[in-house]
2 protein chains.
Amino acid sequence: MREFKRKSRILLIDDNADHLRGVKELITLESSYDVVGATTSANMGTNLAKKYRPDIILMDINMPEKDGLQTIQELEKLDLGVKVIALSGYDDADLIFRAMKLGAKGYVLKTMASAQLIYAIDEVASGKIYLPTALTSRFFEYFQRSFKEEAQTSTEENLLTYLTAREEEVLELLTQGNNYKGIAGKLFISETTVKTHVNNIFQKLQVNDRTQAVLYALNNGFANRKAIRA
Amino acid sequence: MREFKRKSRILLIDDNADHLRGVKELITLESSYDVVGATTSANMGTNLAKKYRPDIILMDINMPEKDGLQTIQELEKLDLGVKVIALSGYDDADLIFRAMKLGAKGYVLKTMASAQLIYAIDEVASGKIYLPTALTSRFFEYFQRSFKEEAQTSTEENLLTYLTAREEEVLELLTQGNNYKGIAGKLFISETTVKTHVNNIFQKLQVNDRTQAVLYALNNGFANRKAIRA
DNA sequence: CTATTTATCAATCCAAAGATGTAAGACAAA
DNA sequence: TTTGTCTTACATCTTTGGATTGATAAATAG
């Protein structure tokens with residue numbers, strides 16, 4: 001059932017014409033991949049991708065004209081099934097993180113050895129994700145830093161723990177945008193009872209109105225809390 | 001200024017006593033690390049960590065008694081500066097993702113070769129983050145999947161785009177829990193003007209009250225939108 | 001078994017929020 | 001210039017929200 005393995009088709013996008021030519025020669029001479037297109041324009045690149053349906057795109061993400069990251073996002077949204085490898089001159093953690101977040105299958109530095117670029121393409125072509133060790137470390141430092149606050153608030157003593165089960169139910173319906181009548185209807189209790197619960201919630205969360213209560217709930221892992229317990 | 005390099009101190013936590021003993025012997029015999037403690041209890045492990053301040057903890061995350069992931073979270077919150085390597089029998093993407101999210105500096109499978117475990121410790125001891133290639137791929141697949149919806153909604157046509165600049169300002173203050181008076185004060189305009197803006201926002205977002213407007217904003221990347229543009 | 005907590009409901013009362021219509025000045029585009 | 005949009009503003013009216021007090025039954029903890 002598996003189709004015959006053919007040469008992967010590659011599209012190159014790099015606003016630096018010299019570098020573009022260099023990479024093209026490298027791939028043509030030292031690998032068995034087909035370069036089906038090469039352009040210095042991001043917009044043109046998107047069009048070529050739609051036209052030639054390459055397996056892999058090597059995309060420079062440091063382009064002045066149009067942001068390479070944005071182009072990656074566009075390509076992913078088109079859902080062409082193409083695997084994008086980000087090419088960059090910078091090993092900036094934020095850049096790496098954003099590229100991977102947007103769906104890049106690899107991130108390689110322009111300063112890397114030719115052999116390593118070919119290796120990266122091989123890995124990505126075979127369905128894996130390729131990030132050099134050093135960049136993996138950078139990525140994770142950034143990743144963990146961005147989750148650190150969240151991890152702390154989610155276990156920290158928070159006022160939500162003082163709510164009773166019923167109050168949590170009411171609060172959940174509040175976080176779904178219900179008014180008193182809506183909540184009363186969904187819980188099969190009177191509107192005045194709902195008011196009582198909501199007032200108790202305000203006291204416990206030390207807020208003045210429902211919007212603040214909802215914001216408190218969302219900012220303090222209310223949804224997560226339930227998901228974890230479930 | 002750099003202090004003399006000493007042997008890294010390691011603490012082992014694994015509810016499987018046999019495996020615990022095996023790893024201890026491996027490290028003692030085939031590496032130059034000091035095993036300063038070894039326990040089958042997660043709670044005891046946390047205490048030992050506080051007492052002996054190891055450089056590295058090898059933590060089994062598949063323990064029935066207490067969740068290893070939860071223990072990692074506790075350790076990170078204590079901020080002991082210890083580097084935790086997650087040890088697991090499973091290469092489940094969700095497990096890997098959660099471990100790394102909580103701050104693990106590495107994730108190795110129990111089925112991996114001894115030499116690779118030592119290598120992982122070496123890497124982590126030197127300040128890097130270690131994930132075997134195969135697990136890195138799994139991690140990123142999970143990572144990118146979890147961001148896919150977000151990436152789509154953030155570019156999708158959404159009702160927020162119809163808001164004027166001023167309305168966005170007002171909405172932002174709404175998402176911070178302000179009432180009419182608060183918004184009027186912060187924007188130096190009258191309360192009735194704020195009401196006008198808010199009503200227009202309701203029309204454009206097709207909602208009935210401020211809570212729904214705030215929820216719509218938060219669920220459709222309102223904060224992100226601003227951060228990205230800035 | 002009693003004291004406390006929880007869930008339920010009600011009656012007020014006032015404040016805040018929301019709906020609707022109107023309108024003037026600024027400014028930009030056609 | 002005219003047209004349209006945006007921002008500002010006000011009046012009026014209705015509905016909803018929030019605070020307070022009090023009360024009852026059931027469950028739970030000590």
# chains A, B, ... in the order shown; residues from 1 in each chain; ligands from 1
$ interface_residues --of "chain A" --to "chain C" --cutoff "9 Å" --atoms "only C-alpha atoms (C1' of nucleotides)" --output "PyMOL selection string"
chain A and resi 164+166+189-190+192-193
$ write_last_selection --atoms "N, CA and C atoms" --output "short mmCIF file (atom, residue, chain, number, x, y, z; two decimals), in the first residue's frame"
data_model
loop_
_atom_site.label_atom_id
_atom_site.label_comp_id
_atom_site.auth_asym_id
_atom_site.auth_seq_id
_atom_site.Cartn_x
_atom_site.Cartn_y
_atom_site.Cartn_z
N THR A 164 -17.95 26.56 47.80
CA THR A 164 -18.63 25.27 47.95
C THR A 164 -18.89 24.71 46.56
N ARG A 166 -21.65 23.95 45.13
CA ARG A 166 -22.73 24.64 44.45
C ARG A 166 -22.25 25.99 43.93
N ILE A 189 -33.29 26.16 40.15
CA ILE A 189 -33.51 26.81 41.44
C ILE A 189 -34.01 28.23 41.15
N SER A 190 -34.46 28.90 42.18
CA SER A 190 -35.02 30.23 41.95
C SER A 190 -33.92 31.26 41.73
N THR A 192 -33.61 34.08 43.12
CA THR A 192 -33.12 34.67 44.38
C THR A 192 -32.04 33.79 45.00
N THR A 193 -32.19 32.49 44.84
CA THR A 193 -31.16 31.60 45.37
C THR A 193 -29.84 31.83 44.64
#
$ closest_atom_pairs --of "chain D" --to "chain A" --cutoff "10 Å" --atoms "only C-alpha atoms (C1' of nucleotides)" --output "CSV"
residue,atom,partner,partner_atom,distance
D:DT16,C1',A:Asn179,CA,8.5
D:DG17,C1',A:Asp209,CA,8.3
D:DG18,C1',A:Asn199,CA,7.4
D:DA19,C1',A:Asn199,CA,8.3
$ closest_atom_pairs --of "chain B" --to "chain A" --cutoff "8 Å" --atoms "only C-alpha atoms" --output "Markdown table"
| residue | atom | partner | partner_atom | distance |
| --- | --- | --- | --- | --- |
| B:Gln73 | CA | A:Ala151 | CA | 7.5 |
| B:Lys77 | CA | A:Gln152 | CA | 6.8 |
| B:Met100 | CA | A:Gln144 | CA | 7.1 |
| B:Lys101 | CA | A:Gln144 | CA | 5.7 |
| B:Leu102 | CA | A:Ala151 | CA | 6.8 |
| B:Gly103 | CA | A:Gln144 | CA | 5.7 |
| B:Lys128 | CA | A:Ser137 | CA | 5.9 |
| B:Ile129 | CA | A:Ser137 | CA | 5.1 |
| B:Tyr130 | CA | A:Ser137 | CA | 7.6 |
| B:Thr136 | CA | A:Ile129 | CA | 7.5 |
| B:Ser137 | CA | A:Ile129 | CA | 5.1 |
| B:Phe140 | CA | A:Ile129 | CA | 7.2 |
| B:Phe143 | CA | A:Lys101 | CA | 7.2 |
| B:Gln144 | CA | A:Lys101 | CA | 5.7 |
| B:Phe147 | CA | A:Lys101 | CA | 6.4 |
| B:Lys148 | CA | A:Leu102 | CA | 7.6 |
| B:Ala151 | CA | A:Leu102 | CA | 7.0 |
| B:Gln152 | CA | A:Lys77 | CA | 7.1 |
| B:Thr175 | CA | A:Leu215 | CA | 7.7 |
| B:Gln176 | CA | A:Gln212 | CA | 7.7 |
| B:Gly177 | CA | A:Gln212 | CA | 5.0 |
| B:Arg210 | CA | A:Thr211 | CA | 7.3 |
| B:Thr211 | CA | A:Thr211 | CA | 5.3 |
| B:Gln212 | CA | A:Gly177 | CA | 4.9 |
| B:Val214 | CA | A:Thr211 | CA | 7.8 |
| B:Leu215 | CA | A:Gly177 | CA | 7.3 |
$ write_last_selection --atoms "C-alpha atoms" --output "mmCIF file, in the first residue's frame"
data_model
loop_
_atom_site.group_PDB
_atom_site.id
_atom_site.type_symbol
_atom_site.label_atom_id
_atom_site.label_comp_id
_atom_site.auth_asym_id
_atom_site.auth_seq_id
_atom_site.Cartn_x
_atom_site.Cartn_y
_atom_site.Cartn_z
ATOM 1 C CA GLN B 73 5.849 21.044 40.442
ATOM 2 C CA LYS B 77 8.005 25.931 43.553
ATOM 3 C CA MET B 100 8.667 19.743 30.480
ATOM 4 C CA LYS B 101 6.030 22.356 31.127
ATOM 5 C CA LEU B 102 6.481 21.892 34.858
ATOM 6 C CA GLY B 103 10.183 22.526 34.538
ATOM 7 C CA LYS B 128 21.516 21.918 29.114
ATOM 8 C CA ILE B 129 18.151 20.348 28.572
ATOM 9 C CA TYR B 130 18.090 16.782 27.404
ATOM 10 C CA THR B 136 11.608 15.726 21.014
ATOM 11 C CA SER B 137 9.555 14.915 17.955
ATOM 12 C CA PHE B 140 6.697 19.110 19.259
ATOM 13 C CA PHE B 143 3.046 21.299 21.169
ATOM 14 C CA GLN B 144 2.075 22.304 17.661
ATOM 15 C CA PHE B 147 -1.344 25.717 19.295
ATOM 16 C CA LYS B 148 -3.090 24.947 16.064
ATOM 17 C CA ALA B 151 -3.194 30.066 15.559
ATOM 18 C CA GLN B 152 -6.320 29.682 13.487
ATOM 19 C CA THR B 175 -11.562 42.998 30.424
ATOM 20 C CA GLN B 176 -9.782 44.405 33.444
ATOM 21 C CA GLY B 177 -12.970 44.460 35.457
ATOM 22 C CA ARG B 210 -20.306 43.082 29.550
ATOM 23 C CA THR B 211 -19.449 39.651 30.846
ATOM 24 C CA GLN B 212 -20.170 38.105 27.483
ATOM 25 C CA VAL B 214 -15.198 40.178 28.050
ATOM 26 C CA LEU B 215 -15.437 36.445 27.441
#
$ residues_around --residues "region 12-21 of chain B" --least-positions-apart "2" --cutoff "6 Å" --atoms "only C-alpha atoms (C1' of nucleotides)" --output "ChimeraX atom specification"
/B:23-24,38-40,57-60
$ residues_around --residues "region 116-121 of chain B" --least-positions-apart "5" --cutoff "9 Å" --atoms "only C-alpha atoms (C1' of nucleotides)" --output "list in words"
Leu26, Ile27, Glu30, Ser31, Ile56, Leu58, Ile85, Gly106, Tyr107, Val108, Leu109, Lys110, Ser126, Ile129, Tyr130, Leu131 and Pro132 of chain B
$ write_last_selection --atoms "N, CA and C atoms" --output "CSV table (one decimal), in the first residue's frame"
chain,number,residue,atom,x,y,z
B,26,LEU,N,24.2,1.7,38.9
B,26,LEU,CA,24.7,2.1,37.6
B,26,LEU,C,25.5,3.4,37.7
B,27,ILE,N,24.9,4.4,38.4
B,27,ILE,CA,25.5,5.7,38.6
B,27,ILE,C,26.7,5.6,39.4
B,30,GLU,N,29.3,3.4,37.2
B,30,GLU,CA,29.7,3.9,35.8
B,30,GLU,C,29.8,5.4,35.6
B,31,SER,N,29.7,6.1,36.7
B,31,SER,CA,29.9,7.5,36.5
B,31,SER,C,30.6,8.1,37.7
B,56,ILE,N,21.0,17.3,41.0
B,56,ILE,CA,20.1,16.7,40.1
B,56,ILE,C,19.2,15.6,40.8
B,58,LEU,N,16.7,12.4,39.8
B,58,LEU,CA,16.1,11.5,38.8
B,58,LEU,C,14.8,11.1,39.4
B,85,ILE,N,15.3,15.4,36.3
B,85,ILE,CA,15.1,14.6,35.1
B,85,ILE,C,14.0,13.6,35.3
B,106,GLY,N,15.0,17.3,31.8
B,106,GLY,CA,15.2,16.2,30.9
B,106,GLY,C,14.1,15.1,31.0
B,107,TYR,N,14.0,14.2,30.1
B,107,TYR,CA,12.9,13.2,30.1
B,107,TYR,C,13.6,12.0,29.5
B,108,VAL,N,13.8,10.9,30.3
B,108,VAL,CA,14.4,9.7,29.7
B,108,VAL,C,13.5,8.5,30.0
B,109,LEU,N,13.5,7.6,29.0
B,109,LEU,CA,12.7,6.3,29.2
B,109,LEU,C,13.5,5.3,30.0
B,110,LYS,N,12.8,4.5,30.8
B,110,LYS,CA,13.5,3.5,31.6
B,110,LYS,C,14.1,2.4,30.7
B,126,SER,N,25.4,19.9,33.0
B,126,SER,CA,26.2,21.0,32.4
B,126,SER,C,25.2,22.2,32.0
B,129,ILE,N,19.4,21.1,28.4
B,129,ILE,CA,18.2,20.3,28.6
B,129,ILE,C,18.3,19.1,27.7
B,130,TYR,N,17.9,18.0,28.2
B,130,TYR,CA,18.1,16.8,27.4
B,130,TYR,C,16.8,16.1,27.1
B,131,LEU,N,16.5,15.9,25.9
B,131,LEU,CA,15.4,15.1,25.4
B,131,LEU,C,15.9,14.2,24.2
B,132,PRO,N,15.7,12.9,24.3
B,132,PRO,CA,16.1,12.1,23.2
B,132,PRO,C,15.3,12.5,21.9
$ residues_around --residues "Asp55 (chain A)" --least-positions-apart "3" --cutoff "10 Å" --atoms "only C-alpha atoms (C1' of nucleotides)" --output "number ranges by chain"
A: 7-11, 34, 36, 49, 52, 80-84, 124-125
$ select_by_dssp --residues "region 103-173 of chain B" --states "strand (DSSP E or B)" --output "list in words"
Gly106, Tyr107, Val108, Leu109 and Tyr130 of chain B
$ atom_distance --atom1 "CA of Met112 (chain B)" --atom2 "CA of Ser88 (chain B)"
10.1 Å
$ select_by_dssp --residues "region 6-170 of chain A" --states "alpha helix (DSSP H)" --output "MDAnalysis selection string"
chainID A and resid 17:30 42:52 68:78 93:101 114:125 133:155 165:170
